[in-house]
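Raw contents of protein.cif, mmCIF, C-alpha atoms:
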```cif
data_run
#
loop_
_atom_site.label_atom_id
_atom_site.label_comp_id
_atom_site.auth_asym_id
_atom_site.auth_seq_id
_atom_site.Cartn_x
_atom_site.Cartn_y
_atom_site.Cartn_z
CA MET A 1 -62.90 132.45 66.82
CA LEU A 2 -64.01 135.27 64.50
CA ILE A 3 -60.49 136.68 64.28
CA ARG A 4 -59.11 133.20 63.56
CA THR A 5 -61.68 132.69 60.79
CA ILE A 6 -61.00 136.06 59.15
CA SER A 7 -57.24 135.51 59.34
CA GLY A 8 -57.58 132.03 57.82
CA ALA A 9 -59.84 133.36 55.05
CA CYS A 10 -57.25 136.03 54.17
CA TYR A 11 -54.57 133.35 53.97
CA VAL A 12 -56.73 131.24 51.64
CA LEU A 13 -57.42 134.28 49.42
CA ILE A 14 -53.69 135.04 49.14
CA ILE A 15 -52.86 131.44 48.22
CA THR A 16 -55.72 131.39 45.68
CA ALA A 17 -54.50 134.66 44.14
CA PHE A 18 -51.01 133.26 43.64
CA PHE A 19 -52.38 130.09 42.03
CA LEU A 20 -54.37 132.26 39.61
CA LEU A 21 -51.29 134.35 38.86
CA ARG A 22 -49.36 131.14 38.30
CA GLU A 23 -51.87 129.91 35.76
CA TYR A 24 -52.67 133.14 33.89
CA VAL A 25 -49.42 135.14 34.16
CA ASN A 26 -46.35 132.96 34.76
CA SER A 27 -45.56 129.99 36.99
CA ALA A 28 -42.45 131.80 38.28
CA VAL A 29 -44.71 134.35 39.99
CA PHE A 30 -45.62 131.64 42.50
CA ASN A 31 -42.02 131.71 43.72
CA ILE A 32 -42.77 135.10 45.28
CA LEU A 33 -45.15 133.39 47.70
CA ILE A 34 -42.60 130.68 48.49
CA TRP A 35 -39.95 133.39 48.96
CA PHE A 36 -42.13 135.09 51.58
CA LEU A 37 -42.81 131.79 53.36
CA CYS A 38 -39.12 130.90 53.34
CA GLY A 39 -37.79 134.30 54.43
CA PHE A 40 -40.37 134.99 57.09
CA GLY A 41 -40.40 131.39 58.30
CA THR A 42 -36.61 131.40 58.70
CA PHE A 43 -36.79 134.69 60.57
CA GLU A 44 -39.41 133.29 62.97
CA LEU A 45 -37.33 130.19 63.65
CA VAL A 46 -34.14 132.18 64.25
CA ARG A 47 -35.98 134.56 66.56
CA ALA A 48 -37.22 131.61 68.60
CA LEU A 49 -33.74 130.05 68.74
CA LYS A 50 -31.90 133.34 69.34
CA PRO A 51 -31.08 132.63 73.02
CA TYR A 52 -29.41 129.35 72.00
CA ILE A 53 -27.31 130.37 68.98
CA ARG A 54 -24.48 132.79 68.21
CA LYS A 55 -25.11 136.28 66.81
CA THR A 56 -23.20 135.34 63.66
CA THR A 57 -25.56 132.38 63.21
CA VAL A 58 -28.58 134.67 63.52
CA ILE A 59 -27.27 136.95 60.77
CA LEU A 60 -26.09 134.16 58.47
CA THR A 61 -29.33 132.19 58.76
CA ILE A 62 -31.57 135.19 58.08
CA VAL A 63 -29.49 136.13 55.02
CA TYR A 64 -29.69 132.51 53.89
CA GLY A 65 -33.49 132.44 54.28
CA ILE A 66 -33.87 135.66 52.27
CA LEU A 67 -31.55 134.63 49.42
CA PHE A 68 -32.47 130.95 49.08
CA VAL A 69 -35.52 131.30 46.81
CA PRO A 70 -34.08 134.15 44.65
CA ILE A 71 -30.93 132.10 43.98
CA TYR A 72 -33.04 129.13 42.90
CA THR A 73 -35.25 131.34 40.71
CA VAL A 74 -32.42 133.21 38.98
CA PHE A 75 -30.56 130.02 38.04
CA GLU A 76 -33.80 128.25 37.08
CA LEU A 77 -35.00 131.03 34.77
CA PHE A 78 -31.82 132.48 33.34
CA VAL A 79 -29.00 129.93 33.61
CA PHE A 80 -29.99 126.24 33.59
CA LYS A 81 -33.68 125.47 33.15
CA GLY A 82 -34.69 122.57 35.38
CA ARG A 83 -31.46 122.77 37.38
CA GLY A 84 -32.19 125.62 39.76
CA TRP A 85 -32.46 123.17 42.63
CA ASN A 86 -28.81 122.15 42.11
CA PHE A 87 -27.61 125.69 42.74
CA ALA A 88 -29.98 126.11 45.67
CA LEU A 89 -28.45 123.03 47.27
CA ILE A 90 -24.92 124.27 46.51
CA PHE A 91 -25.79 127.57 48.22
CA ALA A 92 -27.23 125.68 51.21
CA PHE A 93 -24.14 123.47 51.57
CA LEU A 94 -21.81 126.47 51.30
CA MET A 95 -23.70 128.28 54.07
CA ILE A 96 -23.68 125.12 56.21
CA ASP A 97 -19.93 124.79 55.66
CA VAL A 98 -19.42 128.40 56.82
CA GLU A 99 -21.57 127.71 59.88
CA LEU A 100 -19.64 124.54 60.67
CA PHE A 101 -16.33 126.37 60.35
CA ILE A 102 -17.42 129.20 62.64
CA ASP A 103 -19.11 127.03 65.27
CA ALA A 104 -16.91 123.96 65.32
CA VAL A 105 -13.50 125.41 64.49
CA ILE A 106 -13.44 129.02 65.64
CA SER A 107 -15.80 128.96 68.63
CA SER A 108 -15.43 125.25 69.53
CA THR A 109 -19.12 124.90 70.35
CA THR A 110 -20.81 121.78 71.71
CA LEU A 111 -22.44 119.20 69.45
CA LYS A 112 -25.89 120.08 70.82
CA LYS A 113 -25.49 123.79 70.08
CA LEU A 114 -24.12 122.98 66.65
CA GLY A 115 -27.26 121.01 65.84
CA VAL A 116 -29.46 123.91 66.89
CA SER A 117 -27.38 126.28 64.75
CA LEU A 118 -27.78 124.09 61.67
CA LEU A 119 -31.55 123.70 62.05
CA GLY A 120 -32.28 127.04 60.40
CA TYR A 121 -30.50 125.96 57.20
CA ILE A 122 -32.76 122.95 56.79
CA TYR A 123 -36.08 124.09 58.21
CA PRO A 124 -37.95 125.58 56.40
CA ALA A 125 -35.77 126.42 53.34
CA LEU A 126 -34.70 122.94 52.17
CA LEU A 127 -38.20 121.56 52.74
CA LEU A 128 -39.70 124.44 50.73
CA LEU A 129 -37.27 123.62 47.91
CA THR A 130 -39.60 120.75 47.03
CA THR A 131 -42.41 123.23 46.32
CA LEU A 132 -40.06 125.20 44.05
CA ILE A 133 -39.19 122.03 42.15
CA VAL A 134 -42.85 121.11 41.73
CA ASN A 135 -43.72 124.64 40.62
CA GLY A 136 -40.91 124.45 38.06
CA LEU A 137 -42.68 121.53 36.35
CA GLY A 138 -45.11 123.97 34.72
CA GLU A 139 -48.53 122.52 33.90
CA LYS A 140 -47.51 119.11 35.23
CA GLY A 141 -46.76 120.73 38.57
CA PHE A 142 -50.15 122.37 39.08
CA LEU A 143 -51.98 119.44 40.67
CA PRO A 144 -49.20 118.26 43.03
CA LEU A 145 -48.60 121.88 44.06
CA LEU A 146 -52.31 122.24 44.75
CA LEU A 147 -52.24 119.04 46.81
CA ILE A 148 -49.35 120.41 48.88
CA PHE A 149 -51.35 123.51 49.78
CA VAL A 150 -54.74 121.78 50.16
CA ILE A 151 -54.13 118.51 52.03
CA ALA A 152 -52.44 120.12 55.04
CA PRO A 153 -55.25 122.64 55.84
CA CYS A 154 -57.89 119.96 55.20
CA ALA A 155 -56.13 117.67 57.67
CA ASP A 156 -55.70 120.47 60.22
CA THR A 157 -59.32 121.61 59.97
CA MET A 158 -60.80 118.12 60.24
CA ALA A 159 -58.46 117.24 63.11
CA TYR A 160 -59.58 120.36 64.98
CA LEU A 161 -63.30 119.76 64.39
CA VAL A 162 -63.27 116.02 65.13
CA GLY A 163 -60.99 116.39 68.12
CA MET A 164 -63.05 119.21 69.63
CA THR A 165 -66.37 117.42 69.04
CA TYR A 166 -65.20 114.07 70.38
CA ASN A 167 -63.63 115.71 73.42
CA LYS A 168 -66.95 117.39 74.22
CA ILE A 169 -68.77 114.07 73.87
CA ARG A 170 -66.27 112.47 76.24
CA LYS A 171 -66.53 115.50 78.55
CA GLY A 172 -62.86 116.38 78.24
CA GLN A 173 -61.64 112.81 78.70
CA ALA A 174 -60.62 112.06 75.11
CA LYS A 175 -57.33 110.20 74.81
CA LYS A 176 -54.44 112.59 74.20
CA LEU A 177 -52.18 112.07 71.20
CA CYS A 178 -48.95 113.51 72.59
CA PRO A 179 -49.63 115.40 75.83
CA ASN A 180 -45.99 116.28 76.47
CA LEU A 181 -45.77 118.27 73.22
CA SER A 182 -49.32 119.39 72.47
CA PRO A 183 -51.82 118.84 75.30
CA LYS A 184 -54.89 119.73 73.20
CA LYS A 185 -54.31 117.18 70.43
CA THR A 186 -56.27 113.95 70.71
CA VAL A 187 -56.10 110.55 69.03
CA ALA A 188 -59.60 111.15 67.64
CA GLY A 189 -58.46 114.43 66.15
CA ALA A 190 -55.46 112.73 64.54
CA ILE A 191 -57.72 110.13 62.95
CA GLY A 192 -60.03 112.91 61.77
CA GLY A 193 -57.03 114.66 60.25
CA LEU A 194 -56.13 111.57 58.22
CA VAL A 195 -59.68 111.36 56.90
CA GLY A 196 -59.78 115.08 56.14
CA GLY A 197 -56.55 114.98 54.15
CA ALA A 198 -57.70 111.93 52.19
CA LEU A 199 -61.02 113.61 51.38
CA GLY A 200 -59.27 116.79 50.27
CA SER A 201 -57.00 114.78 47.97
CA LEU A 202 -59.92 112.80 46.59
CA ILE A 203 -61.95 115.94 45.88
CA LEU A 204 -59.08 117.35 43.84
CA TYR A 205 -58.93 114.13 41.85
CA PHE A 206 -62.63 114.30 40.95
CA ILE A 207 -62.30 117.98 40.00
CA PHE A 208 -59.29 117.53 37.69
CA THR A 209 -59.44 113.77 36.84
CA PRO A 210 -55.78 113.53 35.80
CA GLU A 211 -54.35 110.62 33.82
CA LEU A 212 -51.93 108.63 35.97
CA ASN A 213 -49.65 105.67 35.43
CA PHE A 214 -51.35 103.86 38.30
CA PHE A 215 -53.87 101.00 38.24
CA SER A 216 -56.40 102.89 40.39
CA PRO A 217 -56.23 106.72 40.39
CA VAL A 218 -58.85 106.92 43.14
CA LEU A 219 -56.83 104.64 45.42
CA PHE A 220 -53.69 106.58 44.53
CA PHE A 221 -55.17 109.91 45.63
CA VAL A 222 -56.60 108.38 48.81
CA LEU A 223 -53.18 106.96 49.71
CA VAL A 224 -51.45 110.25 48.91
CA GLY A 225 -53.96 112.06 51.12
CA LEU A 226 -53.51 109.63 54.01
CA VAL A 227 -49.70 109.65 53.97
CA ALA A 228 -49.49 113.40 53.42
CA SER A 229 -51.92 113.94 56.31
CA PHE A 230 -49.83 111.73 58.57
CA LEU A 231 -46.74 113.75 57.63
CA THR A 232 -48.72 116.96 58.22
CA GLU A 233 -49.45 115.87 61.77
CA ALA A 234 -45.80 114.86 62.24
CA GLY A 235 -44.72 118.33 61.07
CA ASP A 236 -47.13 119.96 63.47
CA LEU A 237 -45.75 117.93 66.36
CA PHE A 238 -42.18 118.73 65.32
CA GLU A 239 -42.86 122.44 65.58
CA SER A 240 -44.67 121.90 68.88
CA PHE A 241 -41.47 120.22 70.07
CA ILE A 242 -39.42 123.29 69.11
CA LYS A 243 -41.87 125.69 70.75
CA ARG A 244 -42.00 123.61 73.90
CA LYS A 245 -38.20 123.53 74.14
CA VAL A 246 -37.80 127.30 73.70
CA GLY A 247 -40.85 128.12 75.85
CA ILE A 248 -43.13 129.95 73.39
CA LYS A 249 -46.76 129.47 72.36
CA ASP A 250 -46.57 130.65 68.74
CA MET A 251 -43.75 131.25 66.28
CA GLY A 252 -45.14 134.66 65.39
CA LYS A 253 -48.17 136.95 65.31
CA ILE A 254 -48.52 137.74 61.62
CA MET A 255 -51.73 135.65 61.42
CA PRO A 256 -53.98 136.51 64.40
CA GLY A 257 -55.55 133.37 65.82
CA HIS A 258 -53.10 131.13 63.96
CA GLY A 259 -49.71 132.47 65.03
CA GLY A 260 -46.84 132.92 62.61
CA VAL A 261 -45.97 131.69 59.15
CA LEU A 262 -44.36 128.53 60.51
CA ASP A 263 -47.45 127.82 62.60
CA ARG A 264 -49.44 127.80 59.36
CA ILE A 265 -47.09 125.79 57.12
CA ASP A 266 -45.43 123.40 59.59
CA GLY A 267 -47.45 120.40 58.39
CA MET A 268 -47.15 121.33 54.73
CA LEU A 269 -43.36 121.40 55.04
CA PHE A 270 -43.26 117.72 55.98
CA ALA A 271 -45.85 116.63 53.41
CA SER A 272 -44.40 118.45 50.38
CA PRO A 273 -41.28 116.23 49.84
CA PHE A 274 -43.48 113.14 49.81
CA ILE A 275 -45.97 114.61 47.32
CA MET A 276 -43.14 115.80 45.06
CA LEU A 277 -41.44 112.40 45.01
CA VAL A 278 -44.66 110.47 44.41
CA PHE A 279 -45.70 112.61 41.44
CA LEU A 280 -42.23 112.57 39.93
CA LEU A 281 -42.39 108.77 40.01
CA VAL A 282 -45.98 108.45 38.77
#
```

Using the file provided, produce a representation of the structure as structure tokens.
Amino acid sequence: MLIRTISGACYVLIITAFFLLREYVNSAVFNILIWFLCGFGTFELVRALKPYIRKTTVILTIVYGILFVPIYTVFELFVFKGRGWNFALIFAFLMIDVELFIDAVISSTTLKKLGVSLLGYIYPALLLLTTLIVNGLGEKGFLPLLLIFVIAPCADTMAYLVGMTYNKIRKGQAKKLCPNLSPKKTVAGAIGGLVGGALGSLILYFIFTPELNFFSPVLFFVLVGLVASFLTEAGDLFESFIKRKVGIKDMGKIMPGHGGVLDRIDGMLFASPFIMLVFLLV
């Protein structure tokens, strides 16, 4: 427990440092953090899927994960401001086309194996693209970016505490949420996670009190917290599904007590597209 706490505290300090650099140096500095999450997360996924994909896919996907954020950043800063995401998507589609050509045409792989091969081009890079877009909004992107990085850990922490406490009260007989994927997760913990995410979102509202084109800002932030927390839990279960299929406990060991990068950001990856879209609309 001590190791897990220290590791989590280090992660929070790193995230906090990058938010400070974003505010007082340049917002583009934050892309360095996203670059690390994308590159290392892609590497962890490919390593887990290595027995099920071709060697060429391993190489192509790792190169893709390393270059994805730099390509976005270069075009965003030096070519077309506000259009970096277009070129990131073009790069992604080109790499997917190469993968399709190699797998489907040259090697004549099965549809199932093709799907596994394409997973690394979508998860986590394309989901992290939403954080790059939000970060590119400058000052307007600060609060939604903060929500992306705050709601998920709030939901995870509350789910863990509520689930563990309720399970002890029920003497280990608490109703399981999805025992086939994650035996330790309970329905009570899932409900606690929804509450935790909503509280985290609401706290940020009261700290920054932003002006919104919405009839009730408080209700808006509660709803954002609830939906984002639900998506956080869905993302966590999705990664549990991958780990269960490949027969591993954690995606990596870079964060003792937590696992790998993907183990830490799995929920955030699913919540970030929703938060981006909502704030672009509002």

- Got a sec to resolve the PyMOL selection byres ((chain A and resi 23-37) around 10) on this structure and send the residues as a count of residues only? 41

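If you count only C-alpha atoms and ignore residues fewer than 6 places along the chain from A:Ser240, what sits within 12 Å of it is Cys178, Pro179, Asn180, Leu181, Ser182, Pro183, Lys184, Lys185, Glu233, Ala234, Val246, Gly247, Ile248, Lys249, Asp250, Met251, Leu262, Asp263, Asp266 and Gly267 of chain A.
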
Given the PyMOL selection byres ((chain A and resi 86-92) around 7) and the file above, list the residues it selects as a CSV table (one decimal) with C-alpha atoms, keeping the file's coordinate frame.
```
chain,number,residue,atom,x,y,z
A,68,PHE,CA,-32.5,131.0,49.1
A,71,ILE,CA,-30.9,132.1,44.0
A,72,TYR,CA,-33.0,129.1,42.9
A,83,ARG,CA,-31.5,122.8,37.4
A,84,GLY,CA,-32.2,125.6,39.8
A,85,TRP,CA,-32.5,123.2,42.6
A,93,PHE,CA,-24.1,123.5,51.6
A,94,LEU,CA,-21.8,126.5,51.3
A,95,MET,CA,-23.7,128.3,54.1
A,96,ILE,CA,-23.7,125.1,56.2
A,121,TYR,CA,-30.5,126.0,57.2
```

- Message: I need every residue sitting at most 6 Å from the point (-42.8, 117.3, 48.5) (coordinates as in the file, only C-alpha atoms considered), written as a PyMOL selection string.
- Response: chain A and resi 130+271-276

- Return the single residue from A:Arg244, A:Val63, A:Asp97, A:Cys154 that is closest to A:Leu202, with distances computed using all atoms listed in the file.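 So, comparing all the options, the nearest one is A:Cys154.
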